[in-house]
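Student: Pasting start_3.cif here (mmCIF, C-alpha atoms):
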data_my_file
loop_
_atom_site.label_atom_id
_atom_site.label_comp_id
_atom_site.auth_asym_id
_atom_site.auth_seq_id
_atom_site.Cartn_x
_atom_site.Cartn_y
_atom_site.Cartn_z
CA MET A 299 11.85 65.60 109.79
CA THR A 300 12.59 66.93 106.33
CA ALA A 301 11.96 70.47 105.15
CA ALA A 302 9.27 69.19 102.76
CA HIS A 303 7.46 67.44 105.63
CA GLU A 304 7.62 70.59 107.75
CA ALA A 305 6.21 72.67 104.89
CA LEU A 306 3.27 70.28 104.48
CA LEU A 307 2.56 70.33 108.22
CA ARG A 308 2.44 74.13 108.19
CA ALA A 309 0.28 74.11 105.08
CA CYS A 310 -2.60 72.13 106.58
CA ASP A 311 -2.33 72.87 110.29
CA GLY A 312 -0.57 69.65 111.19
CA HIS A 313 -2.97 67.29 109.40
CA VAL A 314 -0.23 65.24 107.74
CA THR A 315 0.49 61.56 108.31
CA GLU A 316 3.09 59.15 107.06
CA GLY A 317 1.99 57.23 103.99
CA SER A 318 1.34 53.50 104.30
CA ASP A 319 0.30 50.53 102.20
CA ALA A 320 -3.32 51.48 102.95
CA ASP A 321 -2.73 54.71 101.03
CA ALA A 322 -1.06 53.02 98.06
CA VAL A 323 -2.22 53.71 94.52
CA HIS A 324 -1.58 50.76 92.19
CA GLY A 325 0.85 49.41 94.79
CA MET A 326 2.76 52.71 95.10
CA ALA A 327 2.65 54.14 98.63
CA PRO A 328 3.06 57.91 99.14
CA ARG A 329 5.54 59.44 101.54
CA TRP A 330 2.84 61.54 103.18
CA VAL A 331 -0.93 62.03 103.29
CA ALA A 332 -2.03 65.66 103.68
CA SER A 333 -5.60 66.51 104.71
CA PRO A 334 -6.35 70.21 104.19
CA ALA A 335 -9.70 71.63 105.34
CA THR A 336 -9.93 74.82 103.23
CA THR A 337 -9.05 76.07 99.78
CA ALA A 338 -6.32 78.19 101.35
CA GLU A 339 -4.77 75.10 102.93
CA VAL A 340 -4.95 73.21 99.63
CA SER A 341 -3.19 76.16 98.02
CA ALA A 342 -0.47 76.02 100.67
CA VAL A 343 -0.03 72.25 100.20
CA MET A 344 0.32 72.63 96.44
CA THR A 345 2.73 75.55 96.83
CA ALA A 346 4.91 73.46 99.14
CA ALA A 347 4.72 70.43 96.85
CA ALA A 348 5.59 72.45 93.75
CA GLY A 349 8.50 74.08 95.55
CA ASP A 350 10.02 70.69 96.40
CA GLY A 351 9.05 68.92 93.18
CA LEU A 352 6.69 66.53 94.98
CA ALA A 353 4.14 64.54 92.94
CA VAL A 354 0.61 64.89 94.33
CA LEU A 355 -2.45 62.69 93.77
CA THR A 356 -5.86 63.83 95.00
CA ARG A 357 -8.06 61.34 96.88
CA GLY A 358 -11.60 61.48 98.22
CA THR A 359 -12.98 58.23 99.66
CA GLY A 360 -10.62 56.29 97.38
CA SER A 361 -13.40 54.36 95.60
CA LYS A 362 -11.95 55.12 92.15
CA LEU A 363 -8.21 55.18 92.82
CA ARG A 364 -7.76 52.08 90.66
CA TRP A 365 -9.15 53.94 87.66
CA GLY A 366 -6.63 55.30 85.18
CA ASN A 367 -2.93 54.51 84.82
CA PRO A 368 -0.60 54.05 87.77
CA PRO A 369 1.11 57.37 88.52
CA HIS A 370 4.69 57.68 87.33
CA ARG A 371 5.66 58.83 90.82
CA LEU A 372 3.85 59.62 94.06
CA ASP A 373 5.01 61.63 97.04
CA VAL A 374 1.83 63.11 98.55
CA VAL A 375 -1.78 61.94 98.64
CA LEU A 376 -3.97 65.01 99.12
CA ASP A 377 -7.03 63.78 101.01
CA THR A 378 -10.07 65.99 100.39
CA THR A 379 -12.47 64.51 102.92
CA ARG A 380 -12.07 67.47 105.32
CA LEU A 381 -13.27 69.78 102.51
CA ASP A 382 -16.81 68.71 103.34
CA THR A 383 -18.58 72.01 104.08
CA LEU A 384 -21.97 72.75 102.55
CA VAL A 385 -21.15 76.31 101.48
CA GLU A 386 -24.56 77.44 100.25
CA HIS A 387 -27.94 76.08 99.22
CA ALA A 388 -30.10 78.67 97.46
CA ALA A 389 -33.25 76.57 97.28
CA GLY A 390 -35.25 79.28 95.52
CA ASP A 391 -32.69 79.41 92.71
CA LEU A 392 -32.07 75.63 92.59
CA ILE A 393 -28.37 76.25 93.20
CA LEU A 394 -25.93 74.59 95.59
CA VAL A 395 -22.26 75.20 96.41
CA THR A 396 -20.36 72.50 98.28
CA GLY A 397 -16.87 71.49 99.32
CA ALA A 398 -15.36 68.81 97.12
CA GLY A 399 -14.96 66.39 100.03
CA ARG A 400 -18.66 66.18 100.85
CA LEU A 401 -20.21 62.78 100.16
CA LEU A 402 -22.71 62.64 97.33
CA SER A 403 -25.11 60.75 99.59
CA THR A 404 -24.86 63.49 102.23
CA LEU A 405 -25.41 66.16 99.60
CA GLN A 406 -28.60 64.51 98.40
CA ASP A 407 -29.83 64.46 102.00
CA ASP A 408 -28.94 68.16 102.32
CA VAL A 409 -31.30 69.18 99.53
CA ALA A 410 -34.02 66.53 99.92
CA GLY A 411 -35.81 68.56 102.59
CA SER A 412 -36.39 71.29 100.00
CA GLY A 413 -37.85 68.80 97.52
CA GLN A 414 -34.73 68.98 95.36
CA ARG A 415 -31.98 66.69 94.11
CA LEU A 416 -28.70 66.73 92.26
CA GLY A 417 -29.34 64.87 89.01
CA ILE A 418 -26.62 62.25 89.58
CA ASP A 419 -28.00 58.88 90.51
CA PRO A 420 -27.87 56.55 92.26
CA THR A 421 -26.49 57.69 95.62
CA ARG A 422 -22.88 56.60 95.34
CA SER A 423 -20.18 56.07 97.92
CA GLY A 424 -17.75 58.71 96.67
CA THR A 425 -17.22 62.42 97.20
CA ILE A 426 -18.44 65.26 95.05
CA GLY A 427 -14.89 66.04 93.95
CA GLY A 428 -14.27 62.44 92.91
CA THR A 429 -17.56 62.30 91.02
CA VAL A 430 -16.65 65.42 89.06
CA ALA A 431 -13.00 64.49 88.53
CA THR A 432 -13.96 61.10 87.04
CA GLY A 433 -17.07 62.39 85.24
CA THR A 434 -19.25 59.66 86.74
CA SER A 435 -22.97 59.81 85.81
CA GLY A 436 -25.99 57.60 86.39
CA PRO A 437 -29.22 56.74 84.56
CA MET A 438 -30.72 60.25 84.81
CA ARG A 439 -28.05 61.54 82.45
CA LEU A 440 -30.65 61.20 79.68
CA ARG A 441 -32.86 63.89 81.25
CA HIS A 442 -30.45 66.06 83.23
CA GLY A 443 -27.23 65.65 81.28
CA ALA A 444 -23.83 64.38 82.36
CA VAL A 445 -21.97 65.67 85.43
CA ARG A 446 -20.30 68.36 83.34
CA ASP A 447 -23.74 69.74 82.43
CA LEU A 448 -24.74 70.08 86.09
CA VAL A 449 -21.60 71.96 87.14
CA ILE A 450 -22.04 75.72 86.83
CA GLY A 451 -19.00 76.87 88.80
CA MET A 452 -15.85 75.61 90.46
CA THR A 453 -13.03 76.68 92.73
CA LEU A 454 -9.74 74.93 92.05
CA VAL A 455 -6.10 75.10 92.99
CA ARG A 456 -3.51 74.90 90.24
CA ALA A 457 -0.36 72.81 90.41
CA ASP A 458 1.63 75.88 91.47
CA GLY A 459 -0.77 76.67 94.34
CA VAL A 460 -2.63 79.52 92.64
CA VAL A 461 -6.39 79.56 93.39
CA ALA A 462 -8.67 79.95 90.36
CA LYS A 463 -12.44 80.19 89.94
CA SER A 464 -14.64 79.37 86.99
CA GLY A 465 -18.32 80.13 86.46
CA GLY A 466 -20.48 81.13 89.38
CA LYS A 467 -23.88 80.65 90.98
CA VAL A 468 -25.98 81.73 87.99
CA VAL A 469 -27.26 79.24 85.42
CA LYS A 470 -26.48 80.89 82.11
CA ASN A 471 -24.46 80.49 78.95
CA VAL A 472 -21.10 82.22 79.00
CA ALA A 473 -18.37 82.78 76.45
CA GLY A 474 -14.72 82.04 77.12
CA TYR A 475 -12.61 79.30 78.64
CA ASP A 476 -14.74 77.11 80.95
CA LEU A 477 -12.31 75.65 83.48
CA ALA A 478 -15.05 73.70 85.25
CA LYS A 479 -15.87 71.76 82.09
CA LEU A 480 -12.17 71.18 81.43
CA LEU A 481 -11.48 69.75 84.90
CA THR A 482 -14.56 67.50 84.84
CA GLY A 483 -13.29 64.05 83.89
CA SER A 484 -9.61 65.08 84.04
CA PHE A 485 -8.78 62.64 86.88
CA GLY A 486 -7.07 65.30 88.96
CA THR A 487 -4.31 65.93 86.41
CA LEU A 488 -5.02 69.65 85.82
CA GLY A 489 -5.93 71.00 89.26
CA VAL A 490 -7.34 70.19 92.69
CA ILE A 491 -11.10 70.79 92.88
CA THR A 492 -12.02 72.35 96.25
CA GLU A 493 -15.58 73.67 95.74
CA VAL A 494 -18.27 73.00 93.15
CA ALA A 495 -21.48 74.90 92.30
CA PHE A 496 -24.31 72.79 90.86
CA ARG A 497 -27.69 73.33 89.33
CA LEU A 498 -30.39 71.29 91.09
CA HIS A 499 -33.71 69.85 89.97
CA PRO A 500 -37.02 69.39 91.78
CA VAL A 501 -37.94 65.94 93.06
CA PRO A 502 -40.92 64.67 91.03
CA ARG A 503 -44.15 63.70 92.72
CA GLU A 504 -44.34 60.30 91.06
CA ARG A 505 -41.90 57.79 89.56
CA ARG A 506 -42.79 54.71 87.52
CA TRP A 507 -40.56 52.12 85.88
CA VAL A 508 -41.62 50.18 82.79
CA THR A 509 -39.58 47.01 82.12
CA VAL A 510 -39.70 44.63 79.19
CA PRO A 511 -37.69 41.39 78.89
CA VAL A 512 -35.70 41.08 75.68
CA ASP A 513 -34.33 37.90 74.15
CA GLY A 514 -31.48 38.76 71.82
CA PRO A 515 -29.82 41.98 70.62
CA ALA A 516 -32.39 42.70 67.93
CA ALA A 517 -35.24 42.71 70.45
CA ALA A 518 -33.22 44.93 72.77
CA GLN A 519 -32.47 47.40 69.97
CA ALA A 520 -36.15 47.51 69.01
CA ALA A 521 -37.20 48.31 72.58
CA ILE A 522 -34.47 50.95 72.92
CA GLN A 523 -35.51 52.66 69.68
CA GLU A 524 -39.16 52.62 70.76
CA LEU A 525 -38.25 54.40 74.00
CA VAL A 526 -35.79 56.85 72.44
CA HIS A 527 -38.40 58.02 69.95
CA SER A 528 -41.33 57.90 72.36
CA GLN A 529 -43.34 61.07 72.85
CA GLN A 530 -43.57 60.16 76.55
CA VAL A 531 -39.92 61.30 77.05
CA PRO A 532 -38.44 58.90 79.63
CA VAL A 533 -36.11 60.33 82.26
CA ALA A 534 -33.81 57.32 81.82
CA VAL A 535 -33.54 54.23 79.64
CA GLU A 536 -31.41 51.38 81.00
CA VAL A 537 -30.47 47.90 79.82
CA ASP A 538 -29.37 44.93 81.93
CA TRP A 539 -27.76 42.15 79.89
CA ALA A 540 -26.18 38.71 80.36
CA ASP A 541 -26.13 35.40 78.45
CA GLY A 542 -27.65 36.91 75.30
CA ARG A 543 -30.78 38.24 76.97
CA GLY A 544 -31.87 40.78 79.53
CA SER A 545 -34.28 43.64 80.06
CA VAL A 546 -34.81 47.21 78.96
CA THR A 547 -36.32 49.62 81.48
CA ALA A 548 -37.61 53.18 81.22
CA LEU A 549 -38.10 55.63 84.08
CA LEU A 550 -41.01 58.09 83.86
CA GLU A 551 -41.49 60.99 86.28
CA GLY A 552 -43.91 63.84 86.88
CA HIS A 553 -47.36 64.45 88.34
CA ALA A 554 -49.12 61.30 89.47
CA ASP A 555 -51.95 61.06 86.94
CA ALA A 556 -49.79 62.05 83.98
CA THR A 557 -47.01 59.67 84.97
CA HIS A 558 -49.41 56.74 85.33
CA GLU A 559 -50.89 57.50 81.91
CA CYS A 560 -47.44 57.77 80.32
CA ALA A 561 -46.38 54.47 81.89
CA ASP A 562 -49.46 52.75 80.48
CA THR A 563 -48.72 54.15 77.03
CA VAL A 564 -45.08 53.08 77.12
CA ALA A 565 -45.94 49.58 78.36
CA SER A 566 -48.46 49.19 75.55
CA ALA A 567 -45.90 50.31 72.97
CA LEU A 568 -43.28 47.88 74.28
CA GLY A 569 -45.71 45.01 73.88
CA ALA A 570 -46.13 41.63 75.52
CA GLY A 571 -44.26 41.12 78.77
CA ALA A 572 -43.88 44.80 79.64
CA ALA A 573 -44.52 45.46 83.33
CA ILE A 574 -45.06 48.65 85.33
CA CYS A 575 -43.68 49.10 88.82
CA ASP A 576 -43.41 51.94 91.33
CA LEU A 577 -40.03 50.64 92.54
CA ALA A 578 -36.80 50.44 90.55
CA PRO A 579 -35.46 47.02 89.53
CA ASP A 580 -32.88 45.65 91.94
CA TRP A 581 -30.08 46.24 89.44
CA TRP A 582 -31.09 49.82 88.56
CA GLY A 583 -28.12 52.17 88.64
CA ALA A 584 -25.91 49.83 90.70
CA ASP A 585 -22.46 51.34 91.12
CA LEU A 586 -20.39 49.15 88.82
CA ALA A 587 -17.23 50.91 89.97
CA THR A 588 -17.11 48.49 92.90
CA THR A 589 -19.49 45.63 92.13
CA ASP A 590 -19.83 42.83 89.63
CA ALA A 591 -22.79 43.49 87.33
CA THR A 592 -24.22 40.02 87.83
CA SER A 593 -23.35 38.97 91.36
CA GLY A 594 -22.89 42.19 93.32
CA HIS A 595 -19.52 40.92 94.54
CA SER A 596 -16.46 43.12 94.82
CA THR A 597 -14.37 43.29 91.66
CA SER A 598 -11.21 42.72 93.66
CA ASP A 599 -9.95 40.09 96.08
CA ASP A 600 -8.08 42.60 98.20
CA GLY A 601 -8.00 46.28 99.02
CA ASP A 602 -6.23 47.55 95.92
CA GLY A 603 -7.79 45.26 93.35
CA SER A 604 -4.52 43.57 92.39
CA GLY A 605 -5.36 40.09 93.61
CA GLY A 606 -7.81 39.04 90.93
CA GLY A 607 -11.47 39.20 90.09
CA PRO A 608 -13.45 40.50 87.13
CA THR A 609 -12.50 43.36 84.84
CA LEU A 610 -14.79 46.39 84.58
CA VAL A 611 -14.79 48.44 81.39
CA ARG A 612 -16.71 51.54 80.36
CA VAL A 613 -18.12 51.33 76.84
CA THR A 614 -19.43 54.18 74.70
CA HIS A 615 -21.29 53.86 71.41
CA GLU A 616 -23.65 55.54 68.99
CA ILE A 617 -27.27 55.15 70.09
CA ALA A 618 -28.14 53.29 66.91
CA GLY A 619 -25.34 50.81 67.64
CA ALA A 620 -26.70 49.50 70.95
CA GLY A 621 -27.89 46.23 69.42
CA ARG A 622 -24.54 45.62 67.71
CA LEU A 623 -22.76 46.26 71.00
CA LEU A 624 -24.94 43.74 72.86
CA HIS A 625 -24.29 41.22 70.08
CA ALA A 626 -20.53 41.75 70.47
CA ILE A 627 -20.75 41.29 74.24
CA THR A 628 -22.79 38.11 73.81
CA GLU A 629 -20.17 36.68 71.43
CA LEU A 630 -17.32 37.17 73.90
CA GLU A 631 -18.12 34.02 75.89
CA GLU A 632 -18.30 31.84 72.78
CA ARG A 633 -15.13 33.29 71.22
CA TYR A 634 -12.94 33.78 74.28
CA GLY A 635 -14.48 31.78 77.10
CA VAL A 636 -15.06 34.81 79.33
CA VAL A 637 -18.24 35.47 81.29
CA ALA A 638 -19.55 38.83 80.09
CA SER A 639 -22.40 41.00 81.32
CA TYR A 640 -23.42 44.57 80.63
CA ARG A 641 -25.42 47.35 82.18
CA GLY A 642 -25.82 50.84 80.81
CA SER A 643 -27.72 53.75 79.34
CA PRO A 644 -28.19 52.96 75.63
CA ALA A 645 -30.16 56.15 74.98
CA VAL A 646 -27.03 58.21 75.73
CA GLY A 647 -24.54 55.64 74.48
CA VAL A 648 -22.63 54.73 77.64
CA GLY A 649 -22.49 51.71 79.93
CA CYS A 650 -20.24 49.23 81.73
CA ALA A 651 -19.33 45.63 80.95
CA VAL A 652 -17.88 43.11 83.38
CA LEU A 653 -15.55 40.46 81.93
CA ASP A 654 -14.49 37.48 84.03
CA GLY A 655 -11.99 34.79 83.07
CA GLU A 656 -8.30 34.04 82.72
CA ALA A 657 -6.15 37.13 82.23
CA ALA A 658 -5.08 36.28 78.67
CA THR A 659 -8.64 35.65 77.52
CA VAL A 660 -9.94 38.80 79.22
CA VAL A 661 -7.26 40.84 77.46
CA ALA A 662 -8.24 39.34 74.10
CA ALA A 663 -11.93 39.90 74.82
CA THR A 664 -11.30 43.53 75.80
CA GLU A 665 -9.42 44.22 72.58
CA SER A 666 -12.24 42.58 70.60
CA LEU A 667 -14.85 44.68 72.41
CA ARG A 668 -12.70 47.77 71.76
CA ALA A 669 -12.77 47.05 68.02
CA ALA A 670 -16.53 46.50 68.09
CA ALA A 671 -17.10 49.78 69.96
CA THR A 672 -14.87 51.71 67.56
CA ALA A 673 -16.96 50.43 64.65
CA ILE A 674 -20.07 52.00 66.20
CA GLY A 675 -18.48 55.34 67.03
CA GLY A 676 -17.42 54.51 70.58
CA ALA A 677 -14.53 53.41 72.75
CA VAL A 678 -13.64 51.12 75.65
CA VAL A 679 -11.81 52.28 78.80
CA VAL A 680 -10.67 49.77 81.40
CA LEU A 681 -11.72 51.01 84.85
CA GLU A 682 -11.07 48.11 87.24
CA ALA A 683 -8.87 45.11 86.45
CA PRO A 684 -6.48 42.66 88.11
CA ASP A 685 -2.84 43.58 87.55
CA ALA A 686 -2.39 40.57 85.26
CA VAL A 687 -4.94 42.14 82.88
CA ARG A 688 -4.02 45.78 83.41
CA ASP A 689 -0.34 45.18 82.71
CA ARG A 690 -1.12 43.84 79.22
CA LEU A 691 -3.46 46.64 78.13
CA ASP A 692 -3.52 50.35 77.51
CA VAL A 693 -6.39 51.03 79.91
CA TRP A 694 -7.42 54.20 78.03
CA GLY A 695 -7.07 52.80 74.53
CA PRO A 696 -6.51 54.91 71.39
CA ALA A 697 -7.22 58.60 71.91
CA THR A 698 -7.96 61.43 69.50
CA ALA A 699 -6.58 64.94 70.05
CA LEU A 700 -3.79 63.57 72.23
CA ASP A 701 -1.41 66.35 71.21
CA LEU A 702 -3.97 68.93 72.30
CA MET A 703 -4.45 67.20 75.67
CA ARG A 704 -0.71 67.13 76.23
CA SER A 705 -0.52 70.81 75.40
CA VAL A 706 -3.24 71.60 77.96
CA LYS A 707 -1.44 69.51 80.60
CA GLN A 708 1.80 71.34 79.86
CA ARG A 709 0.09 74.71 80.24
CA PHE A 710 -1.61 73.83 83.53
CA ASP A 711 1.10 71.65 85.09
CA PRO A 712 4.45 72.11 83.33
CA ALA A 713 6.40 70.43 86.15
CA GLY A 714 4.19 67.32 86.13
CA VAL A 715 3.21 67.67 89.79
CA LEU A 716 -0.43 66.50 89.60
CA ALA A 717 -1.01 62.75 89.18
CA PRO A 718 1.75 62.40 86.56
CA GLY A 719 1.05 59.65 84.05
CA ARG A 720 -2.44 58.79 85.27
CA PHE A 721 -4.44 60.15 82.33
CA VAL A 722 -4.76 59.28 78.63
CA GLY A 723 -1.45 58.72 76.86
CA GLY A 724 0.48 58.82 80.13
CA ILE A 725 -0.39 62.50 80.71
#
Written as structure tokens, how would this file's structure read?
Tutor:
Amino acid sequence: MTAAHEALLRACDGHVTEGSDADAVHGMAPRWVASPATTAEVSAVMTAAAGDGLAVLTRGTGSKLRWGNPPHRLDVVLDTTRLDTLVEHAAGDLILVTGAGRLLSTLQDDVAGSGQRLGIDPTRSGTIGGTVATGTSGPMRLRHGAVRDLVIGMTLVRADGVVAKSGGKVVKNVAGYDLAKLLTGSFGTLGVITEVAFRLHPVPRERRWVTVPVDGPAAAQAAIQELVHSQQVPVAVEVDWADGRGSVTALLEGHADATHECADTVASALGAGAAICDLAPDWWGADLATTDATSGHSTSDDGDGSGGGPTLVRVTHEIAGAGRLLHAITELEERYGVVASYRGSPAVGVGCAVLDGEAATVVAATESLRAAATAIGGAVVVLEAPDAVRDRLDVWGPATALDLMRSVKQRFDPAGVLAPGRFVGGI
């Protein structure tokens, strides 16, 4: 047993195992997997790792480990699933504090009895820490904001083992350096999230979905604009798209009578074919991190996604450019021979496309889609892809303010201990 192994064992009360292929990240297996149960134990793990120059990658359930670049090196996987304590739920203040390893689905169950919810939908398979670290949001982002807008406080452990806190349990505007916002979406490259404080929202009494079929990008753009500018204020606006056609759906919530009236008004405005339902469409908010947008099949043939399957990309765009984006996606099959589908939130300018085909054609299609997104103020990030595709692409694509991001990484993690190379520009 090495000194480094002994230090890790002491750090988390013996909860250290040898790394295996099952723990591999992009085919790279760690030497050890450490499973701390408290912030203090995380601090001790990071102190030991920093002292021995060990590279550490944080993992929750592992549902998004294929996202981002392969790490430059990997010695320790820090498993957060034992950090699953519900620390506090102040129902009267609509505030919750939870360990980063708690499942999002469990957390929603925790607060449902009080008629509350965390405004991240749908119920996903990952942990709270993973959701925050990857900045993953669902359809309700239009009403409640992105994940970063729901986080009001955070406890984290720096690369050198020092514990830091940001924000608190009060919903208010504050001046200064907001670490919680900085770590949200940082893919574990700046610190290990151990606890998160969230603002909650009440569960509405009634929910109604209004769906209209759209044939062609122009019809989709018209429906999106109608909903975006509607005085009925939808909670979410989603589009489901394949083969040059699809549907646009709005979610309306509130008191029963008012919601029914709003749904009638929206359906009338959307015109012929609009339908009202009290259940979400089957595709609504499906977690495209692990499923094909059209078939519901896994995006990988094996456990680490290297064997083949479709490529999943996240696309951002200006709201007014939604129609142009759908047109670009529709053209991909004709120009490159790939099967392309899309699902997203056009009213906030973010969604996911699934591209399926030979590796060379998928690469060409991705670069084409990247150019189209750039022209409408957006970008394309490759989330899931077979190695044959991933190896030929910069998964993050061109980035602005890269020098600033490198400076922040250097300040937080000068030794490159945390997930080295995983983020934009190989940070």
Student: Nearest residue to Leu363 in chain A out of A:Val679, A:Ala431, A:Leu306, A:Leu392, using all atoms listed in the file?
Tutor: A:Ala431
Student: Would you pick out the contacts of Val314 in chain A at 10 Å or less, using only C-alpha atoms, so that residues sharing its chain but fewer than 3 positions from it are not included, and give the list as a list in words?
Tutor: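 Near neighbours after the sequence-gap exclusion: His303, Glu304, Leu306, Leu307, Arg308, Ala309, Cys310, Asp311, Gly317, Trp330, Val331, Ala332, Ser333, Pro334, Val374, Val375, Leu376 and Asp377 of chain A.
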Student: What does the file look like for those residues with C-alpha atoms, as a CSV table (one decimal), in the coordinates of the input?
Tutor:
chain,number,residue,atom,x,y,z
A,303,HIS,CA,7.5,67.4,105.6
A,304,GLU,CA,7.6,70.6,107.8
A,306,LEU,CA,3.3,70.3,104.5
A,307,LEU,CA,2.6,70.3,108.2
A,308,ARG,CA,2.4,74.1,108.2
A,309,ALA,CA,0.3,74.1,105.1
A,310,CYS,CA,-2.6,72.1,106.6
A,311,ASP,CA,-2.3,72.9,110.3
A,317,GLY,CA,2.0,57.2,104.0
A,330,TRP,CA,2.8,61.5,103.2
A,331,VAL,CA,-0.9,62.0,103.3
A,332,ALA,CA,-2.0,65.7,103.7
A,333,SER,CA,-5.6,66.5,104.7
A,334,PRO,CA,-6.4,70.2,104.2
A,374,VAL,CA,1.8,63.1,98.6
A,375,VAL,CA,-1.8,61.9,98.6
A,376,LEU,CA,-4.0,65.0,99.1
A,377,ASP,CA,-7.0,63.8,101.0
Student: Interatomic distance between CA of Val706 in chain A and CA of Leu481 in chain A?
Tutor: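 CA of Leu481 in chain A lies 10.9 Å from CA of Val706 in chain A.
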Student: Pro502 in chain A: which residues within 10 Å, counting only C-alpha atoms, same-chain residues fewer than 4 positions away excluded, as a PyMOL selection string?
Tutor: chain A and resi 413-415+550-554+557
Student: In Å, with one decimal, what is the gap from CA of Phe485 in chain A to CA of Glu616 in chain A?
Tutor: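 Going from CA of Phe485 in chain A over to CA of Glu616 in chain A covers 24.3 Å.
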Student: Pull out every residue that the PyMOL selection byres ((chain A and resi 448) around 12) matches in the shown coordinates and put them as a PyMOL selection string.
Tutor: chain A and resi 392-395+415-418+426+429-430+433-435+438-439+441-447+449-452+465+467-470+478-479+482+494-499
Student: Quote the spacing between CA of Arg329 in chain A and CA of Val354 in chain A in Å to one decimal place.
Tutor: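 Answer for the CA of Arg329 in chain A to CA of Val354 in chain A separation: 10.3 Å.
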Student: Could you expand the PyMOL selection byres ((chain A and resi 370) around 6) into the explicit residues it covers here, written as number ranges by chain?
Tutor: A: 369, 371, 718-719
Student: Please work out which residues fall within 10 Å of (-8.2, 72.5, 90.9), coordinates as given in the file, with only C-alpha atoms counting, and return them as a VMD selection string.
Tutor: chain A and resid 337 340 to 341 356 427 431 452 to 457 459 to 463 477 to 478 481 486 to 493 710 716
Student: Hey, can you pull every residue with an atom no more than 10 Å from (-9.9, 57.4, 97.7), using only C-alpha atoms, and send it as a ChimeraX atom specification?
Tutor: /A:321-323,355-364,375-379,424-425,428
Student: Running the PyMOL selection byres ((chain A and resi 529) around 12) on this model by hand, what would come out? Give it as a ChimeraX atom specification.
Tutor: /A:523-528,530-533,550,560-561,563-564,567
Student: Mind checking which residues fall within 6 Å of His615 in chain A, counting only C-alpha atoms, ignoring those fewer than 5 positions away in the same chain, and posting them as a list in words?
Tutor: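 Listing them by chain and then by number gives Gly647, Ile674, Gly675 and Gly676 of chain A.
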Student: Could you check the closest approach to Gly366 in chain A for each of A:Val652, A:Val660, A:Arg503, A:Thr432 and tell me which residue wins, using all atoms listed in the file?
Tutor: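 Closest to Gly366 in chain A, using all atoms listed in the file: A:Thr432.
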Student: Closest to Asp685 in chain A among A:Ser464, A:Thr300, A:Gln519, A:Asn367, using all atoms listed in the file?
Tutor: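 Going through A:Ser464, A:Thr300, A:Gln519, A:Asn367 one by one, the smallest distance to Asp685 in chain A is for A:Asn367.
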